[in-house]
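Novice: Pasting start_20.tsv below, which is TSV, C-alpha atoms.
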chain	number	residue	atom	x	y	z
A	21	MET	CA	-7.20	-31.19	8.86
A	22	SER	CA	-6.43	-28.72	11.65
A	23	LYS	CA	-8.16	-25.53	12.80
A	24	THR	CA	-7.02	-21.92	12.83
A	25	MET	CA	-8.68	-18.64	13.78
A	26	ALA	CA	-9.42	-16.28	10.91
A	27	ILE	CA	-11.61	-13.39	9.82
A	28	ARG	CA	-14.32	-14.53	7.40
A	29	ILE	CA	-16.64	-12.44	5.22
A	30	TYR	CA	-19.93	-13.97	4.05
A	31	GLU	CA	-21.37	-10.84	2.42
A	32	ASN	CA	-19.93	-7.51	1.32
A	33	GLY	CA	-20.57	-4.48	3.46
A	34	GLY	CA	-19.20	-2.37	6.31
A	35	PRO	CA	-16.65	-3.46	8.93
A	36	GLU	CA	-19.35	-5.30	10.89
A	37	VAL	CA	-19.58	-8.04	8.21
A	38	MET	CA	-16.22	-9.45	9.34
A	39	ARG	CA	-16.48	-12.50	11.63
A	40	TYR	CA	-13.69	-13.95	13.78
A	41	GLU	CA	-14.08	-17.72	13.77
A	42	ASP	CA	-12.53	-21.17	13.49
A	43	VAL	CA	-11.67	-22.33	9.97
A	44	ALA	CA	-10.18	-25.58	8.73
A	45	ILE	CA	-6.67	-25.61	7.27
A	46	GLY	CA	-5.16	-28.57	5.46
A	47	ASP	CA	-1.67	-29.61	4.44
A	48	PRO	CA	0.04	-27.66	1.66
A	49	GLY	CA	-0.44	-29.07	-1.83
A	50	PRO	CA	2.13	-29.14	-4.64
A	51	GLY	CA	3.94	-25.82	-4.86
A	52	GLU	CA	2.40	-24.55	-1.62
A	53	ILE	CA	3.66	-23.73	1.86
A	54	ARG	CA	1.84	-23.28	5.17
A	55	VAL	CA	2.74	-20.11	7.08
A	56	LYS	CA	2.03	-19.32	10.73
A	57	HIS	CA	1.67	-15.55	10.96
A	58	THR	CA	3.59	-13.54	13.51
A	59	ALA	CA	2.38	-10.21	12.11
A	60	ILE	CA	-0.41	-9.21	9.68
A	61	GLY	CA	-0.34	-5.99	7.68
A	62	VAL	CA	-3.44	-3.81	7.29
A	63	ASN	CA	-4.01	-1.78	4.13
A	64	TYR	CA	-6.76	0.39	2.69
A	65	ILE	CA	-7.18	-2.09	-0.15
A	66	ASP	CA	-8.53	-4.55	2.47
A	67	THR	CA	-11.60	-2.34	2.81
A	68	TYR	CA	-12.15	-2.47	-0.95
A	69	PHE	CA	-12.39	-6.28	-0.90
A	70	ARG	CA	-14.59	-6.20	2.21
A	71	SER	CA	-17.01	-3.65	0.72
A	72	GLY	CA	-17.09	-5.31	-2.69
A	73	LEU	CA	-15.44	-2.44	-4.60
A	74	TYR	CA	-12.84	-5.05	-5.54
A	75	PRO	CA	-14.49	-8.44	-6.04
A	76	ALA	CA	-13.06	-11.38	-4.11
A	77	PRO	CA	-12.58	-14.60	-6.13
A	78	SER	CA	-15.31	-16.26	-4.06
A	79	ILE	CA	-17.51	-15.70	-1.00
A	80	PRO	CA	-17.04	-16.47	1.85
A	81	PHE	CA	-13.41	-15.36	1.97
A	82	THR	CA	-10.68	-14.26	4.34
A	83	PRO	CA	-9.53	-10.66	3.69
A	84	GLY	CA	-6.04	-9.20	4.03
A	85	ASN	CA	-3.20	-8.93	1.55
A	86	GLU	CA	-0.01	-8.83	3.60
A	87	GLY	CA	1.74	-10.81	6.29
A	88	ALA	CA	4.92	-12.21	7.76
A	89	GLY	CA	5.63	-15.37	9.68
A	90	VAL	CA	7.28	-18.76	9.77
A	91	VAL	CA	6.94	-21.70	7.38
A	92	THR	CA	5.34	-24.65	9.20
A	93	ALA	CA	5.05	-27.10	6.28
A	94	VAL	CA	6.04	-27.36	2.63
A	95	GLY	CA	4.27	-29.12	-0.21
A	96	GLU	CA	5.59	-31.34	-2.96
A	97	GLY	CA	8.07	-29.69	-5.29
A	98	VAL	CA	8.87	-26.73	-3.05
A	99	THR	CA	12.63	-26.26	-2.86
A	100	ARG	CA	12.86	-22.52	-2.19
A	101	PHE	CA	11.68	-22.78	1.44
A	102	LYS	CA	11.83	-25.21	4.35
A	103	GLU	CA	10.14	-25.46	7.75
A	104	GLY	CA	11.30	-22.73	10.10
A	105	ASP	CA	12.13	-20.17	7.40
A	106	ARG	CA	11.01	-16.59	7.99
A	107	VAL	CA	8.94	-15.28	5.09
A	108	ALA	CA	6.81	-12.31	4.06
A	109	TYR	CA	4.39	-11.57	1.23
A	110	ALA	CA	1.88	-9.10	-0.17
A	111	ALA	CA	-0.92	-8.98	-2.76
A	112	THR	CA	-2.16	-12.46	-1.83
A	113	LEU	CA	-5.70	-12.41	-0.41
A	114	GLY	CA	-6.26	-14.23	2.89
A	115	SER	CA	-3.81	-12.84	5.45
A	116	TYR	CA	-6.32	-12.16	8.26
A	117	ALA	CA	-5.68	-15.57	9.82
A	118	GLU	CA	-3.41	-17.20	12.38
A	119	GLU	CA	-2.14	-19.65	9.78
A	120	ARG	CA	-2.70	-20.08	6.05
A	121	LEU	CA	-1.63	-21.81	2.83
A	122	LEU	CA	0.25	-19.88	0.16
A	123	GLU	CA	1.79	-20.48	-3.23
A	124	ALA	CA	5.52	-20.61	-2.58
A	125	ASP	CA	6.20	-18.46	-5.65
A	126	LYS	CA	4.27	-15.57	-4.07
A	127	VAL	CA	6.45	-15.44	-0.97
A	128	VAL	CA	9.91	-13.98	-0.31
A	129	ALA	CA	12.42	-14.73	2.41
A	130	THR	CA	12.58	-12.12	5.16
A	131	PRO	CA	16.22	-11.02	5.38
A	132	ASP	CA	18.21	-10.87	8.60
A	133	GLY	CA	17.97	-7.44	10.14
A	134	VAL	CA	14.28	-6.99	9.24
A	135	ASP	CA	11.92	-8.09	12.02
A	136	ASP	CA	8.56	-9.68	11.27
A	137	GLU	CA	6.48	-6.66	12.33
A	138	THR	CA	8.45	-4.39	10.01
A	139	ALA	CA	8.14	-6.90	7.17
A	140	ALA	CA	4.37	-7.18	7.62
A	141	ALA	CA	4.06	-3.39	7.79
A	142	MET	CA	6.05	-2.71	4.66
A	143	MET	CA	5.50	-5.39	2.05
A	144	LEU	CA	2.38	-4.10	0.32
A	145	LYS	CA	2.90	-0.43	1.11
A	146	GLY	CA	6.65	-0.53	0.46
A	147	MET	CA	6.40	-2.48	-2.79
A	148	THR	CA	3.67	-0.06	-3.87
A	149	ALA	CA	6.08	2.80	-3.19
A	150	GLN	CA	8.77	0.97	-5.18
A	151	TYR	CA	6.72	0.49	-8.33
A	152	LEU	CA	5.37	4.05	-8.16
A	153	LEU	CA	8.76	5.71	-7.69
A	154	ARG	CA	10.96	3.33	-9.68
A	155	ARG	CA	8.69	1.95	-12.41
A	156	THR	CA	5.54	4.03	-13.00
A	157	TYR	CA	7.51	7.28	-13.09
A	158	ARG	CA	11.20	6.87	-12.32
A	159	VAL	CA	11.87	9.68	-9.87
A	160	LYS	CA	15.28	11.29	-10.19
A	161	LYS	CA	17.27	14.07	-8.59
A	162	GLY	CA	15.75	17.46	-9.32
A	163	ASP	CA	12.17	16.24	-9.88
A	164	THR	CA	9.25	17.80	-8.04
A	165	ILE	CA	6.52	15.39	-6.97
A	166	LEU	CA	3.12	15.67	-5.29
A	167	PHE	CA	2.03	12.80	-3.06
A	168	HIS	CA	-1.53	12.83	-1.75
A	169	ALA	CA	-2.18	11.44	1.75
A	170	ALA	CA	1.49	11.87	2.60
A	171	ALA	CA	0.96	10.74	6.21
A	172	GLY	CA	-0.69	7.46	5.20
A	173	GLY	CA	1.00	4.09	5.12
A	174	VAL	CA	2.22	4.31	1.52
A	175	GLY	CA	2.83	8.04	1.74
A	176	LEU	CA	5.26	7.93	4.67
A	177	ILE	CA	7.40	5.33	2.89
A	178	ALA	CA	7.19	6.91	-0.56
A	179	CYS	CA	8.00	10.42	0.62
A	180	GLN	CA	11.11	9.27	2.46
A	181	TRP	CA	12.20	7.28	-0.58
A	182	ALA	CA	11.55	10.14	-3.02
A	183	ARG	CA	13.56	12.51	-0.83
A	184	HIS	CA	16.39	9.93	-0.79
A	185	LEU	CA	16.28	9.92	-4.60
A	186	GLY	CA	16.80	13.68	-4.65
A	187	ALA	CA	13.28	14.89	-5.41
A	188	THR	CA	11.48	17.89	-3.93
A	189	VAL	CA	8.49	16.33	-2.17
A	190	ILE	CA	5.13	18.07	-1.70
A	191	GLY	CA	2.55	16.17	0.34
A	192	THR	CA	-1.11	16.74	1.11
A	193	VAL	CA	-2.43	15.95	4.61
A	194	GLY	CA	-5.64	16.43	6.55
A	195	SER	CA	-4.41	17.77	9.90
A	196	ARG	CA	-1.54	19.61	11.57
A	197	GLU	CA	-0.51	16.42	13.37
A	198	LYS	CA	-0.29	14.60	10.04
A	199	GLY	CA	1.56	17.55	8.54
A	200	GLU	CA	4.27	17.34	11.20
A	201	LEU	CA	4.56	13.60	10.61
A	202	ALA	CA	4.87	14.09	6.84
A	203	MET	CA	7.59	16.71	7.32
A	204	GLN	CA	9.50	14.28	9.54
A	205	ASN	CA	9.23	11.61	6.83
A	206	GLY	CA	10.49	13.17	3.63
A	207	CYS	CA	8.17	16.05	2.73
A	208	ASP	CA	9.72	19.40	1.89
A	209	HIS	CA	6.30	21.07	1.84
A	210	VAL	CA	2.89	20.06	3.17
A	211	ILE	CA	-0.52	21.26	2.02
A	212	TYR	CA	-3.56	21.06	4.31
A	213	TYR	CA	-6.15	20.01	1.77
A	214	ARG	CA	-9.12	20.76	4.07
A	215	ASP	CA	-8.07	24.40	4.44
A	216	GLU	CA	-6.25	25.15	1.20
A	217	ASP	CA	-6.72	24.81	-2.56
A	218	PHE	CA	-3.98	22.25	-3.13
A	219	ALA	CA	-3.57	22.99	-6.86
A	220	LYS	CA	-3.15	26.69	-6.13
A	221	ARG	CA	-0.63	25.93	-3.37
A	222	VAL	CA	1.37	23.67	-5.67
A	223	ASP	CA	1.54	26.49	-8.18
A	224	GLU	CA	2.77	28.86	-5.45
A	225	ILE	CA	5.33	26.43	-4.04
A	226	THR	CA	6.78	25.62	-7.46
A	227	LYS	CA	6.57	29.23	-8.69
A	228	GLY	CA	4.37	28.13	-11.57
A	229	GLU	CA	6.56	25.24	-12.67
A	230	ARG	CA	4.29	22.56	-11.12
A	231	CYS	CA	5.14	18.86	-10.73
A	232	HIS	CA	6.70	16.16	-12.85
A	233	VAL	CA	4.37	13.56	-11.31
A	234	VAL	CA	1.33	13.37	-9.03
A	235	TYR	CA	0.81	10.17	-7.04
A	236	ASP	CA	-2.87	9.95	-6.11
A	237	GLY	CA	-4.29	7.22	-3.90
A	238	VAL	CA	-7.30	9.33	-2.90
A	239	GLY	CA	-9.32	9.27	-6.12
A	240	LYS	CA	-12.64	11.07	-6.47
A	241	ALA	CA	-11.96	13.94	-4.02
A	242	THR	CA	-8.69	15.01	-5.67
A	243	PHE	CA	-9.74	14.66	-9.32
A	244	PRO	CA	-9.48	16.53	-11.63
A	245	ALA	CA	-7.56	19.09	-9.54
A	246	SER	CA	-4.56	16.74	-9.45
A	247	LEU	CA	-4.13	17.34	-13.18
A	248	ASP	CA	-3.75	21.07	-12.51
A	249	CYS	CA	-0.66	20.31	-10.41
A	250	LEU	CA	1.26	18.91	-13.40
A	251	ARG	CA	3.61	20.64	-15.78
A	252	PRO	CA	3.34	19.82	-19.51
A	253	PHE	CA	4.03	16.13	-20.22
A	254	GLY	CA	3.62	15.35	-16.51
A	255	MET	CA	2.40	11.99	-15.19
A	256	PHE	CA	-0.82	11.44	-13.24
A	257	ALA	CA	-0.45	8.13	-11.37
A	258	SER	CA	-3.78	7.12	-9.83
A	259	PHE	CA	-3.17	4.11	-7.59
A	260	GLY	CA	-6.11	4.10	-5.15
A	261	ASN	CA	-9.64	5.26	-4.37
A	262	ALA	CA	-9.72	6.14	-0.67
A	263	SER	CA	-12.41	8.81	-1.25
A	264	GLY	CA	-14.25	6.83	-3.92
A	265	ALA	CA	-13.52	5.85	-7.50
A	266	ILE	CA	-13.04	8.41	-10.27
A	267	GLU	CA	-16.33	7.91	-12.11
A	268	ALA	CA	-15.54	9.52	-15.46
A	269	PHE	CA	-12.26	10.43	-17.06
A	270	ASN	CA	-12.42	12.57	-20.18
A	271	LEU	CA	-9.18	11.89	-22.04
A	272	GLY	CA	-9.48	15.32	-23.60
A	273	LEU	CA	-8.44	16.79	-20.24
A	274	LEU	CA	-4.94	15.42	-20.78
A	275	ALA	CA	-4.62	17.49	-23.95
A	276	GLN	CA	-6.15	20.61	-22.43
A	277	LYS	CA	-3.86	20.56	-19.40
A	278	GLY	CA	-0.54	20.06	-21.19
A	279	SER	CA	-0.28	16.77	-23.12
A	280	LEU	CA	-0.28	14.87	-19.84
A	281	TYR	CA	0.14	11.16	-19.23
A	282	ALA	CA	-2.17	9.16	-16.96
A	283	THR	CA	-1.97	5.62	-15.64
A	284	ARG	CA	-3.82	3.38	-13.18
A	285	PRO	CA	-1.20	0.82	-12.07
A	286	THR	CA	-1.55	-1.94	-9.47
A	287	LEU	CA	0.99	-3.85	-7.42
A	288	PHE	CA	-0.60	-7.13	-8.54
A	289	THR	CA	0.55	-6.53	-12.13
A	290	HIS	CA	4.03	-5.40	-11.14
A	291	ILE	CA	4.81	-8.52	-9.09
A	292	ALA	CA	2.91	-11.11	-11.13
A	293	LYS	CA	6.17	-12.71	-12.32
A	294	ARG	CA	8.59	-14.21	-9.82
A	295	ALA	CA	11.58	-12.27	-11.16
A	296	ASP	CA	9.70	-8.99	-10.78
A	297	LEU	CA	8.56	-9.88	-7.25
A	298	GLU	CA	12.15	-10.56	-6.23
A	299	GLU	CA	13.38	-7.33	-7.84
A	300	VAL	CA	10.69	-5.13	-6.26
A	301	ALA	CA	10.97	-6.72	-2.81
A	302	GLY	CA	14.77	-6.80	-3.01
A	303	GLU	CA	15.04	-3.08	-3.72
A	304	LEU	CA	12.60	-2.37	-0.87
A	305	PHE	CA	14.60	-4.49	1.59
A	306	ASP	CA	17.82	-2.78	0.49
A	307	VAL	CA	16.55	0.78	0.97
A	308	VAL	CA	15.12	-0.10	4.40
A	309	ALA	CA	18.26	-1.96	5.48
A	310	SER	CA	20.36	1.05	4.45
A	311	GLY	CA	18.41	3.26	6.85
A	312	ALA	CA	17.31	5.62	4.07
A	313	VAL	CA	13.67	4.60	4.59
A	314	LYS	CA	12.22	3.81	8.00
A	315	ILE	CA	8.96	1.91	8.40
A	316	PRO	CA	6.75	3.60	11.01
A	317	VAL	CA	4.30	1.29	12.80
A	318	HIS	CA	1.90	3.59	14.64
A	319	HIS	CA	-0.98	1.25	15.44
A	320	ARG	CA	-1.06	-2.29	16.78
A	321	ALA	CA	-4.11	-4.47	17.33
A	322	LYS	CA	-5.25	-8.06	17.72
A	323	LEU	CA	-6.69	-9.97	14.75
A	324	ALA	CA	-9.87	-10.48	16.77
A	325	ASP	CA	-10.35	-6.69	16.74
A	326	ALA	CA	-10.29	-6.34	12.93
A	327	VAL	CA	-13.73	-4.66	12.89
A	328	ASP	CA	-12.44	-1.76	15.02
A	329	VAL	CA	-9.26	-1.59	12.92
A	330	HIS	CA	-11.28	-1.10	9.73
A	331	LYS	CA	-13.49	1.53	11.37
A	332	ALA	CA	-10.40	3.53	12.34
A	333	LEU	CA	-8.88	3.09	8.89
A	334	GLU	CA	-11.97	4.30	7.04
A	335	GLY	CA	-12.46	7.09	9.55
A	336	ARG	CA	-8.99	8.42	8.60
A	337	GLU	CA	-7.96	8.08	12.24
A	338	THR	CA	-4.70	6.29	11.44
A	339	THR	CA	-1.27	7.36	10.26
A	340	GLY	CA	1.54	5.14	9.00
A	341	ALA	CA	1.16	1.40	9.25
A	342	THR	CA	-1.23	-0.72	11.30
A	343	VAL	CA	-0.16	-4.25	12.20
A	344	MET	CA	-2.32	-6.96	13.73
A	345	SER	CA	-1.03	-9.92	15.73
A	346	PRO	CA	-2.82	-13.30	15.73
Any chance you could give the structure as structure tokens?
Specialist:
Amino acid sequence: MSKTMAIRIYENGGPEVMRYEDVAIGDPGPGEIRVKHTAIGVNYIDTYFRSGLYPAPSIPFTPGNEGAGVVTAVGEGVTRFKEGDRVAYAATLGSYAEERLLEADKVVATPDGVDDETAAAMMLKGMTAQYLLRRTYRVKKGDTILFHAAAGGVGLIACQWARHLGATVIGTVGSREKGELAMQNGCDHVIYYRDEDFAKRVDEITKGERCHVVYDGVGKATFPASLDCLRPFGMFASFGNASGAIEAFNLGLLAQKGSLYATRPTLFTHIAKRADLEEVAGELFDVVASGAVKIPVHHRAKLADAVDVHKALEGRETTGATVMSP
């Protein structure tokens, strides 16, 4: 049994509940690998597990859902990977650590041409963008989409990708700086939600036609106005709760506002099967390798400073991806 440094949470709460400490790590069991992280991705969902909005399987636990690194040991029956292989993963709790054990089936090989920092920055956010744009509502040339928090980690990837697919992309942002960033990363139009009625602006921009789909990772603060941005038969895709959960959803609103569709998808469901994981990750790697989508890493920090990282994240002080190094 060896030791590794990790963030541990013994009770749910604010960023201050995270502790940086020694933890024991054993050898990988059957079907497992041990991975030494070179880069750790940070995502808003990490705050949900820390606060208790999303329950962790057990307490204490190590937060984090995304990372990249090198295989240091393989367990019995693992044939897909060997020591020294570069790998990346997402949607597997426990990444805020120098080294960890993982089920081999939850990990993908990092292809040549994608560095570890980029892989750690894009796995969860990029695969989220993939399932939203390619599975939840399959964006095609000529579509008009609204993406809330367009300058966030998922938003910057998704807006580039949607533009590449031929869509007209409208994004909401909270500041002029974020607006410029969104325009540089795929948005055709930006709406400053603090200063403008975003539903009214969507109506103006689209000349009353409105959007085929709204991608909403904000939640409470943008509902139900997001529904007013949709044309008849449009899709409301709610994939996050950055401003708090939507507390009540009257299905009758979907009828009143144009026979709309609504869904609450998660990445965990979309990559639960190995074949789906490989398809989703493979398409992400391809679009990044082609240069059509670039992965912006705007903030770097040490794992030991995870408390400050979460404070900045929840304070909406960040844009793009944040990556921690062990």
Novice: Have a look at A:Gly264, A:Leu323, A:Asp296, A:Ala257 and name the one nearest to Gly84 (chain A); count all atoms listed in the file.
Specialist: A:Leu323
Novice: Give me the residues within 12 Å of Gly335 (chain A) as a VMD selection string, counting all atoms listed in the file and dropping any in the same chain fewer than 2 places off.
Specialist: chain A and resid 35 64 67 194 262 to 263 328 to 333 337 to 339
Novice: Could you check the closest approach to Gly61 (chain A) for each of A:Arg284, A:Lys277, A:Lys145, A:Arg230 and tell me which residue wins, using all atoms listed in the file?
Specialist: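 Of A:Arg284, A:Lys277, A:Lys145, A:Arg230, the one nearest Gly61 (chain A) is A:Lys145, counting all atoms listed in the file.
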Novice: Which polymer residues, protein or nucleic acid, are no farther than 9 Å from (-14.2, -13.2, -0.2), counting only C-alpha atoms, as a ChimeraX atom specification?
Specialist: /A:28-32,69-70,72,75-83,113-114
Novice: Which residue, A:Arg100, A:Arg39, A:Arg106, A:Lys314, has the smallest gap to Gln204 (chain A) when you use only C-alpha atoms?
Specialist: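 Closest residue, counting only C-alpha atoms: A:Lys314.
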